[in-house]
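The next block is input_8.cif, given as mmCIF, C-alpha atoms.
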```
data_protein
loop_
_atom_site.group_PDB
_atom_site.id
_atom_site.type_symbol
_atom_site.label_atom_id
_atom_site.label_comp_id
_atom_site.auth_asym_id
_atom_site.auth_seq_id
_atom_site.Cartn_x
_atom_site.Cartn_y
_atom_site.Cartn_z
ATOM 1 C CA MET X 97 14.543 11.573 20.802
ATOM 2 C CA LYS X 98 14.905 7.907 19.819
ATOM 3 C CA LYS X 99 11.639 7.131 21.604
ATOM 4 C CA ALA X 100 9.889 9.803 19.510
ATOM 5 C CA TYR X 101 10.738 7.937 16.308
ATOM 6 C CA TYR X 102 9.082 4.783 17.645
ATOM 7 C CA TYR X 103 5.893 6.809 18.071
ATOM 8 C CA VAL X 104 6.314 8.271 14.563
ATOM 9 C CA LEU X 105 6.582 4.745 13.145
ATOM 10 C CA LEU X 106 3.557 3.570 15.158
ATOM 11 C CA THR X 107 1.576 6.581 13.911
ATOM 12 C CA ALA X 108 2.551 5.879 10.298
ATOM 13 C CA LEU X 109 1.610 2.198 10.564
ATOM 14 C CA LEU X 110 -1.778 2.881 12.186
ATOM 15 C CA PHE X 111 -2.649 5.764 9.828
ATOM 16 C CA SER X 112 -1.557 3.671 6.838
ATOM 17 C CA THR X 113 -4.322 1.159 7.585
ATOM 18 C CA MET X 114 -6.951 3.911 7.793
ATOM 19 C CA GLU X 115 -8.256 3.905 4.219
ATOM 20 C CA VAL X 116 -8.304 0.107 3.928
ATOM 21 C CA ALA X 117 -10.110 -0.332 7.269
ATOM 22 C CA CYS X 118 -12.590 2.460 6.504
ATOM 23 C CA LYS X 119 -13.289 1.029 3.057
ATOM 24 C CA VAL X 120 -13.931 -2.458 4.483
ATOM 25 C CA ALA X 121 -16.193 -1.050 7.221
ATOM 26 C CA GLY X 122 -17.890 1.273 4.740
ATOM 27 C CA ASN X 123 -19.123 -1.666 2.673
ATOM 28 C CA ASP X 124 -21.743 -2.350 5.367
ATOM 29 C CA LEU X 125 -22.043 0.958 7.205
ATOM 30 C CA ASP X 126 -23.189 4.406 6.100
ATOM 31 C CA PRO X 127 -20.333 6.972 5.733
ATOM 32 C CA PHE X 128 -21.988 9.335 8.234
ATOM 33 C CA GLN X 129 -22.593 6.474 10.665
ATOM 34 C CA LEU X 130 -19.029 5.094 10.494
ATOM 35 C CA THR X 131 -17.487 8.545 10.886
ATOM 36 C CA PHE X 132 -19.672 9.216 13.952
ATOM 37 C CA LEU X 133 -18.774 5.890 15.569
ATOM 38 C CA ARG X 134 -15.016 6.030 15.008
ATOM 39 C CA PHE X 135 -14.586 9.585 16.258
ATOM 40 C CA LEU X 136 -16.913 9.005 19.203
ATOM 41 C CA ILE X 137 -14.823 5.982 20.200
ATOM 42 C CA GLY X 138 -11.547 7.752 19.383
ATOM 43 C CA GLY X 139 -12.558 10.791 21.403
ATOM 44 C CA ILE X 140 -13.434 8.607 24.408
ATOM 45 C CA VAL X 141 -10.060 6.801 24.142
ATOM 46 C CA LEU X 142 -8.188 10.137 24.068
ATOM 47 C CA LEU X 143 -10.266 11.858 26.751
ATOM 48 C CA PRO X 144 -8.438 10.477 29.863
ATOM 49 C CA PHE X 145 -5.102 11.603 28.378
ATOM 50 C CA GLY X 146 -6.645 14.984 27.552
ATOM 51 C CA ILE X 147 -7.924 15.429 31.118
ATOM 52 C CA VAL X 148 -4.453 14.634 32.507
ATOM 53 C CA GLU X 149 -2.953 17.142 30.068
ATOM 54 C CA MET X 150 -5.340 19.903 31.182
ATOM 55 C CA LYS X 151 -4.740 19.125 34.867
ATOM 56 C CA HIS X 152 -0.997 19.320 34.275
ATOM 57 C CA LYS X 153 -1.462 22.741 32.661
ATOM 58 C CA ASN X 154 -4.005 23.708 35.350
ATOM 59 C CA ILE X 155 -6.522 24.611 32.639
ATOM 60 C CA LYS X 156 -10.273 24.925 33.095
ATOM 61 C CA LEU X 157 -12.429 25.328 30.022
ATOM 62 C CA ASP X 158 -14.771 28.299 29.819
ATOM 63 C CA ARG X 159 -17.710 28.874 27.473
ATOM 64 C CA LYS X 160 -15.497 30.589 24.906
ATOM 65 C CA ASP X 161 -13.124 27.611 24.807
ATOM 66 C CA LEU X 162 -16.018 25.168 24.361
ATOM 67 C CA LEU X 163 -17.483 27.241 21.519
ATOM 68 C CA LYS X 164 -14.106 27.255 19.771
ATOM 69 C CA LEU X 165 -13.774 23.498 20.225
ATOM 70 C CA LEU X 166 -17.315 23.023 18.931
ATOM 71 C CA GLY X 167 -16.455 25.003 15.798
ATOM 72 C CA ILE X 168 -13.210 23.094 15.291
ATOM 73 C CA GLY X 169 -14.962 19.764 15.852
ATOM 74 C CA THR X 170 -17.687 20.684 13.348
ATOM 75 C CA ILE X 171 -15.082 21.448 10.692
ATOM 76 C CA GLY X 172 -13.137 18.272 11.444
ATOM 77 C CA ILE X 173 -15.794 15.586 11.881
ATOM 78 C CA PRO X 174 -19.157 16.298 10.149
ATOM 79 C CA ILE X 175 -17.401 18.085 7.277
ATOM 80 C CA SER X 176 -13.822 16.919 6.672
ATOM 81 C CA MET X 177 -14.033 13.331 7.881
ATOM 82 C CA VAL X 178 -17.436 12.646 6.317
ATOM 83 C CA LEU X 179 -16.037 13.890 2.983
ATOM 84 C CA PHE X 180 -13.018 11.651 3.599
ATOM 85 C CA GLN X 181 -15.191 8.550 4.146
ATOM 86 C CA ILE X 182 -17.363 9.293 1.105
ATOM 87 C CA GLY X 183 -14.206 9.799 -0.951
ATOM 88 C CA ILE X 184 -12.775 6.447 0.178
ATOM 89 C CA MET X 185 -15.957 4.648 -0.879
ATOM 90 C CA ASN X 186 -15.733 6.192 -4.348
ATOM 91 C CA CYS X 187 -12.005 5.647 -4.953
ATOM 92 C CA ASN X 188 -9.378 2.955 -4.552
ATOM 93 C CA ALA X 189 -8.009 2.857 -1.007
ATOM 94 C CA SER X 190 -4.444 3.161 -2.341
ATOM 95 C CA SER X 191 -5.272 6.341 -4.276
ATOM 96 C CA ALA X 192 -7.290 7.771 -1.378
ATOM 97 C CA SER X 193 -4.451 7.226 1.103
ATOM 98 C CA VAL X 194 -1.942 9.108 -1.040
ATOM 99 C CA MET X 195 -4.335 11.929 -1.931
ATOM 100 C CA PHE X 196 -5.214 12.581 1.698
ATOM 101 C CA SER X 197 -1.534 12.444 2.700
ATOM 102 C CA ILE X 198 -1.047 15.808 1.019
ATOM 103 C CA ASN X 199 -3.111 17.515 3.746
ATOM 104 C CA PRO X 200 0.016 18.918 5.507
ATOM 105 C CA LEU X 201 0.633 21.012 2.384
ATOM 106 C CA PHE X 202 -2.929 22.347 2.539
ATOM 107 C CA THR X 203 -2.332 23.007 6.243
ATOM 108 C CA MET X 204 0.570 25.202 5.169
ATOM 109 C CA VAL X 205 -1.735 27.227 2.888
ATOM 110 C CA CYS X 206 -4.383 27.584 5.609
ATOM 111 C CA ALA X 207 -1.693 28.722 8.064
ATOM 112 C CA HIS X 208 -0.624 31.357 5.526
ATOM 113 C CA LEU X 209 -4.178 32.702 5.371
ATOM 114 C CA LEU X 210 -5.014 32.512 9.090
ATOM 115 C CA THR X 211 -1.735 32.990 10.975
ATOM 116 C CA SER X 212 1.626 34.723 10.747
ATOM 117 C CA GLU X 213 3.167 31.607 9.153
ATOM 118 C CA LYS X 214 3.541 32.704 5.541
ATOM 119 C CA VAL X 215 4.167 30.561 2.471
ATOM 120 C CA THR X 216 7.773 31.064 1.413
ATOM 121 C CA LYS X 217 9.362 30.138 -1.931
ATOM 122 C CA PRO X 218 10.653 26.739 -0.669
ATOM 123 C CA ARG X 219 7.197 25.884 0.677
ATOM 124 C CA LEU X 220 5.556 27.071 -2.541
ATOM 125 C CA MET X 221 7.903 24.768 -4.437
ATOM 126 C CA ALA X 222 6.915 21.859 -2.172
ATOM 127 C CA LEU X 223 3.226 22.642 -2.715
ATOM 128 C CA SER X 224 3.694 22.774 -6.500
ATOM 129 C CA ILE X 225 5.499 19.421 -6.522
ATOM 130 C CA GLY X 226 2.731 17.932 -4.373
ATOM 131 C CA ILE X 227 0.067 19.167 -6.796
ATOM 132 C CA ILE X 228 1.979 17.561 -9.694
ATOM 133 C CA GLY X 229 1.918 14.314 -7.697
ATOM 134 C CA LEU X 230 -1.843 14.632 -7.227
ATOM 135 C CA ILE X 231 -2.346 15.113 -10.966
ATOM 136 C CA PHE X 232 -0.474 11.878 -11.686
ATOM 137 C CA ILE X 233 -2.507 9.961 -9.075
ATOM 138 C CA ILE X 234 -5.853 11.352 -10.258
ATOM 139 C CA ARG X 235 -4.802 10.812 -13.891
ATOM 140 C CA PRO X 236 -7.494 13.081 -15.377
ATOM 141 C CA TRP X 237 -6.542 12.047 -18.928
ATOM 142 C CA ASP X 238 -7.571 8.423 -18.183
ATOM 143 C CA VAL X 239 -9.096 7.872 -14.738
ATOM 144 C CA GLN X 240 -8.012 4.563 -13.194
ATOM 145 C CA GLU X 241 -10.697 1.945 -12.676
ATOM 146 C CA GLY X 242 -12.025 2.175 -9.110
ATOM 147 C CA ASN X 243 -11.466 5.926 -8.883
ATOM 148 C CA SER X 244 -14.133 8.495 -9.710
ATOM 149 C CA ALA X 245 -14.261 12.249 -10.177
ATOM 150 C CA PHE X 246 -16.771 12.519 -7.327
ATOM 151 C CA GLY X 247 -14.563 10.531 -4.938
ATOM 152 C CA THR X 248 -11.492 12.552 -5.910
ATOM 153 C CA ILE X 249 -13.258 15.860 -5.284
ATOM 154 C CA CYS X 250 -14.477 14.629 -1.878
ATOM 155 C CA LEU X 251 -10.961 13.549 -0.880
ATOM 156 C CA LEU X 252 -9.385 16.839 -1.962
ATOM 157 C CA LEU X 253 -12.058 18.815 -0.089
ATOM 158 C CA ALA X 254 -11.431 16.561 2.932
ATOM 159 C CA ALA X 255 -7.695 17.300 2.765
ATOM 160 C CA VAL X 256 -8.291 21.050 2.456
ATOM 161 C CA THR X 257 -10.806 21.193 5.329
ATOM 162 C CA PHE X 258 -8.590 18.958 7.480
ATOM 163 C CA GLY X 259 -5.802 21.478 6.915
ATOM 164 C CA PHE X 260 -8.174 24.170 8.160
ATOM 165 C CA TYR X 261 -9.071 21.948 11.150
ATOM 166 C CA THR X 262 -5.386 21.454 11.953
ATOM 167 C CA VAL X 263 -4.557 25.181 11.891
ATOM 168 C CA THR X 264 -7.562 26.277 13.942
ATOM 169 C CA GLY X 265 -7.033 23.360 16.333
ATOM 170 C CA LYS X 266 -3.422 24.405 16.861
ATOM 171 C CA MET X 267 -4.590 27.845 18.026
ATOM 172 C CA VAL X 268 -6.672 26.265 20.801
ATOM 173 C CA SER X 269 -4.174 23.500 21.629
ATOM 174 C CA GLN X 270 -1.579 26.111 22.611
ATOM 175 C CA LYS X 271 -3.756 26.782 25.656
ATOM 176 C CA ILE X 272 -5.253 23.392 26.585
ATOM 177 C CA GLY X 273 -2.876 20.901 24.921
ATOM 178 C CA SER X 274 -3.000 18.879 21.692
ATOM 179 C CA VAL X 275 -4.543 15.687 23.093
ATOM 180 C CA ALA X 276 -7.186 17.622 25.033
ATOM 181 C CA GLN X 277 -8.046 19.656 21.938
ATOM 182 C CA ALA X 278 -8.326 16.521 19.793
ATOM 183 C CA SER X 279 -10.390 14.479 22.262
ATOM 184 C CA ILE X 280 -12.895 17.242 23.044
ATOM 185 C CA SER X 281 -13.236 18.411 19.435
ATOM 186 C CA PHE X 282 -13.734 14.775 18.336
ATOM 187 C CA LEU X 283 -16.528 14.303 20.885
ATOM 188 C CA LEU X 284 -18.216 17.645 20.146
ATOM 189 C CA GLY X 285 -17.897 17.086 16.405
ATOM 190 C CA SER X 286 -19.407 13.612 16.803
ATOM 191 C CA GLY X 287 -22.303 15.198 18.702
ATOM 192 C CA VAL X 288 -22.972 17.587 15.826
ATOM 193 C CA LEU X 289 -22.762 14.684 13.372
ATOM 194 C CA LEU X 290 -25.247 12.684 15.469
ATOM 195 C CA ILE X 291 -27.737 15.545 15.093
ATOM 196 C CA VAL X 292 -27.190 15.525 11.309
ATOM 197 C CA ILE X 293 -27.634 11.735 11.179
ATOM 198 C CA THR X 294 -30.835 11.899 13.237
ATOM 199 C CA LEU X 295 -32.349 14.700 11.132
ATOM 200 C CA ALA X 296 -31.405 12.875 7.917
ATOM 201 C CA GLY X 297 -32.951 9.625 9.155
ATOM 202 C CA LYS X 298 -29.687 7.721 8.722
ATOM 203 C CA PRO X 299 -28.753 4.674 10.846
ATOM 204 C CA VAL X 300 -26.764 5.151 14.044
ATOM 205 C CA PHE X 301 -26.156 1.641 15.393
ATOM 206 C CA ALA X 302 -27.835 -0.549 12.756
ATOM 207 C CA GLY X 303 -25.368 -3.116 11.404
ATOM 208 C CA VAL X 304 -22.703 -2.310 14.009
ATOM 209 C CA ALA X 305 -22.996 -5.648 15.836
ATOM 210 C CA GLU X 306 -22.128 -7.513 12.625
ATOM 211 C CA ASN X 307 -19.081 -5.292 12.062
ATOM 212 C CA ILE X 308 -17.925 -4.674 15.636
ATOM 213 C CA PRO X 309 -14.260 -5.772 15.156
ATOM 214 C CA ILE X 310 -13.584 -3.333 12.287
ATOM 215 C CA VAL X 311 -15.574 -0.528 13.967
ATOM 216 C CA LEU X 312 -13.567 -0.938 17.175
ATOM 217 C CA TYR X 313 -10.317 -1.061 15.199
ATOM 218 C CA THR X 314 -11.071 2.191 13.352
ATOM 219 C CA GLY X 315 -12.162 3.877 16.579
ATOM 220 C CA ILE X 316 -9.687 2.581 19.168
ATOM 221 C CA PHE X 317 -6.541 1.976 17.159
ATOM 222 C CA ILE X 318 -6.631 4.348 14.162
ATOM 223 C CA THR X 319 -8.509 7.309 15.639
ATOM 224 C CA GLY X 320 -7.633 6.897 19.317
ATOM 225 C CA LEU X 321 -4.168 5.356 19.604
ATOM 226 C CA GLY X 322 -3.075 6.694 16.207
ATOM 227 C CA TYR X 323 -3.612 10.301 17.223
ATOM 228 C CA TYR X 324 -2.188 9.656 20.692
ATOM 229 C CA ALA X 325 1.017 8.292 19.143
ATOM 230 C CA TYR X 326 1.165 11.274 16.779
ATOM 231 C CA PHE X 327 0.809 13.863 19.555
ATOM 232 C CA THR X 328 3.253 11.955 21.775
ATOM 233 C CA SER X 329 5.893 12.029 19.024
ATOM 234 C CA ILE X 330 5.440 15.804 18.800
ATOM 235 C CA LYS X 331 5.698 16.138 22.575
ATOM 236 C CA LEU X 332 8.899 14.058 22.721
ATOM 237 C CA ALA X 333 10.488 15.861 19.769
ATOM 238 C CA ASP X 334 8.704 18.528 17.714
ATOM 239 C CA ALA X 335 5.943 18.989 15.119
ATOM 240 C CA THR X 336 8.376 18.484 12.247
ATOM 241 C CA THR X 337 9.450 15.092 13.598
ATOM 242 C CA GLY X 338 5.807 14.115 14.128
ATOM 243 C CA SER X 339 4.972 15.031 10.528
ATOM 244 C CA PHE X 340 7.350 12.287 9.311
ATOM 245 C CA ALA X 341 4.361 9.956 9.838
ATOM 246 C CA PHE X 342 2.597 11.650 6.917
ATOM 247 C CA PHE X 343 5.828 11.316 4.932
ATOM 248 C CA LEU X 344 5.899 7.544 5.492
ATOM 249 C CA LYS X 345 2.177 6.932 4.953
ATOM 250 C CA PRO X 346 2.120 7.346 1.121
ATOM 251 C CA ALA X 347 4.805 4.662 0.887
ATOM 252 C CA ILE X 348 3.139 2.166 3.272
ATOM 253 C CA ALA X 349 -0.627 2.556 2.717
ATOM 254 C CA PRO X 350 -0.757 1.479 -0.981
ATOM 255 C CA ILE X 351 1.132 -1.729 -0.105
ATOM 256 C CA ILE X 352 -1.502 -2.555 2.547
ATOM 257 C CA ALA X 353 -4.269 -1.851 -0.001
ATOM 258 C CA VAL X 354 -2.656 -4.266 -2.475
ATOM 259 C CA ILE X 355 -2.268 -7.006 0.162
ATOM 260 C CA VAL X 356 -5.704 -6.680 1.818
ATOM 261 C CA LEU X 357 -7.965 -5.445 -0.983
ATOM 262 C CA LYS X 358 -6.007 -6.885 -3.946
ATOM 263 C CA GLU X 359 -5.912 -3.469 -5.584
ATOM 264 C CA THR X 360 -3.695 -2.788 -8.581
ATOM 265 C CA ILE X 361 -1.221 0.075 -8.466
ATOM 266 C CA LEU X 362 -0.443 1.487 -11.914
ATOM 267 C CA TRP X 363 2.666 3.394 -13.006
ATOM 268 C CA ASN X 364 1.031 6.793 -12.537
ATOM 269 C CA THR X 365 0.400 6.071 -8.829
ATOM 270 C CA PHE X 366 4.086 5.278 -8.292
ATOM 271 C CA VAL X 367 5.051 8.524 -10.026
ATOM 272 C CA GLY X 368 2.510 10.458 -7.956
ATOM 273 C CA ILE X 369 3.773 8.874 -4.728
ATOM 274 C CA GLY X 370 7.305 9.879 -5.693
ATOM 275 C CA PHE X 371 6.329 13.515 -6.209
ATOM 276 C CA ILE X 372 4.334 13.657 -2.964
ATOM 277 C CA LEU X 373 7.168 12.047 -0.979
ATOM 278 C CA LEU X 374 9.547 14.637 -2.455
ATOM 279 C CA ALA X 375 7.138 17.473 -1.587
ATOM 280 C CA SER X 376 6.736 16.180 1.974
ATOM 281 C CA TYR X 377 10.507 15.800 2.346
ATOM 282 C CA LEU X 378 11.172 19.364 1.146
ATOM 283 C CA ASN X 379 8.481 20.748 3.455
ATOM 284 C CA ILE X 380 9.875 18.864 6.469
ATOM 285 C CA LYS X 381 13.489 19.858 5.727
ATOM 286 C CA TYR X 382 12.468 23.504 5.338
ATOM 287 C CA GLN X 383 10.581 23.373 8.655
ATOM 288 C CA GLN X 384 13.599 21.812 10.374
ATOM 289 C CA LYS X 385 15.829 24.596 9.056
ATOM 290 C CA ALA X 386 13.298 27.254 10.123
ATOM 291 C CA ASN X 387 13.107 25.723 13.610
ATOM 292 C CA GLU X 388 16.908 25.744 13.909
ATOM 293 C CA ILE X 389 17.080 29.418 12.891
ATOM 294 C CA LYS X 390 14.312 30.291 15.360
ATOM 295 C CA LYS X 391 16.065 28.393 18.143
ATOM 296 C CA ARG X 392 19.391 30.122 17.458
ATOM 297 C CA PHE X 393 17.648 33.501 17.473
ATOM 298 C CA GLU X 394 15.921 32.725 20.789
ATOM 299 C CA ASN X 395 19.254 31.623 22.306
ATOM 300 C CA GLN X 396 20.907 34.849 21.160
ATOM 301 C CA GLN X 397 18.079 36.899 22.666
ATOM 302 C CA TYR X 398 18.369 34.933 25.898
ATOM 303 C CA ARG X 399 22.136 35.615 26.125
ATOM 304 C CA LYS X 400 21.554 39.328 25.538
ATOM 305 C CA ASN X 401 19.052 39.458 28.385
ATOM 306 C CA ILE X 402 21.415 37.768 30.862
#
```

What does this structure look like when you write it as structure tokens?
Amino acid sequence: MKKAYYYVLLTALLFSTMEVACKVAGNDLDPFQLTFLRFLIGGIVLLPFGIVEMKHKNIKLDRKDLLKLLGIGTIGIPISMVLFQIGIMNCNASSASVMFSINPLFTMVCAHLLTSEKVTKPRLMALSIGIIGLIFIIRPWDVQEGNSAFGTICLLLAAVTFGFYTVTGKMVSQKIGSVAQASISFLLGSGVLLIVITLAGKPVFAGVAENIPIVLYTGIFITGLGYYAYFTSIKLADATTGSFAFFLKPAIAPIIAVIVLKETILWNTFVGIGFILLASYLNIKYQQKANEIKKRFENQQYRKNI
């Protein structure tokens, strides 16, 4: 269990650099282009681990599985992550990092609509507190310099669609494994995005040579190793423990944005971070309690069957 927390911390640190790194890279690269490159590289990094996972489960993909993964990848990469990159380029990295960190709460709503996991009163309270936090960060009464309405909308849509990606991906990962699902959906989603880029006449590799260190960092470390650390923490413990990374990110990412990009964090951002941390904490604690109840019930059923 102790080892799992090291992976949670590594995940939080890598994910906390995401918005800053993507904003720096996005100054010279097109949002579609950067998203394609980082998920292509990330998918390649994860693929060997995914293959091992499928071999361990003795799983062979059929056409139906590939179609599902193609759909999931299309939601995650050409839609959610492109919106995410566009949002970053039209907002402060500190604001973007906190806004996107609320995606686990949107995942909860998507799970309510698509699965048997329903939104309960404690989770509804967590969602409401998270929305209050978003309002403070967006500050619609006086938008902070560096943020824009367009960027905010893109980031919120990215968080919502990433929640949808997470829920639908979980359905497939139950069969083939989380790392395998992520690696294949990343690669298939990148393929779809490449088609979009080609049809739109956007650059694919132009300018990459001049920005190779930051492109490799976003692809290998953030997208590849970051997701590997996240899934490993879940494997060593549980999904609730793994989600602590998203609890830590709103506290770490703005500090990195201030240090690297010299951004200014105003009072409203601190208040918003506080609300979102509280919402994340309540959601995690509720999930822990639900898992304990489920485990006790399963143990009771097991004893009855003996």

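Using the PyMOL selection byres ((chain X and resi 140) around 10) on the file at hand returns these residues: Arg134, Phe135, Leu136, Ile137, Gly138, Gly139, Val141, Leu142, Leu143, Pro144, Phe145, Gly146, Ser279, Ile280, Phe282, Leu283, Gly315, Ile316 and Gly320 of chain X.
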
**Prompt:** Selected by the PyMOL selection byres ((chain X and resi 344) around 10) in the shown coordinates: which residues, as a VMD selection string?
**Reply:** chain X and resid 104 to 105 107 to 109 111 to 112 197 339 to 343 345 to 349 373 376 to 377

What lies within 12 Å of Leu374 of chain X using all atoms listed in the file, ignoring chain neighbours under 2 positions off, as number ranges by chain?
-> X: 198, 201, 219, 221-229, 343-344, 346-347, 367-372, 376-381

Judged by all atoms listed in the file, the minimum distance to Val205 of chain X among X:Ile330, X:Cys250, X:Val178, X:Val256 is found for X:Val256

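Distance annotation: of X:Ala255, X:Cys206, X:Phe260, X:Lys153, the residue with the minimal separation from Val194 of chain X is X:Ala255; atom set is all atoms listed in the file.
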
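In this structure, atom CA of Ala192 of chain X sits 10.7 Å away from atom CA of Gly242 of chain X.
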
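The residue that comes closest to Phe180 of chain X, out of X:Val239, X:Leu166, X:Leu252, X:Gln129 and on the basis of only C-alpha atoms, is X:Leu252.
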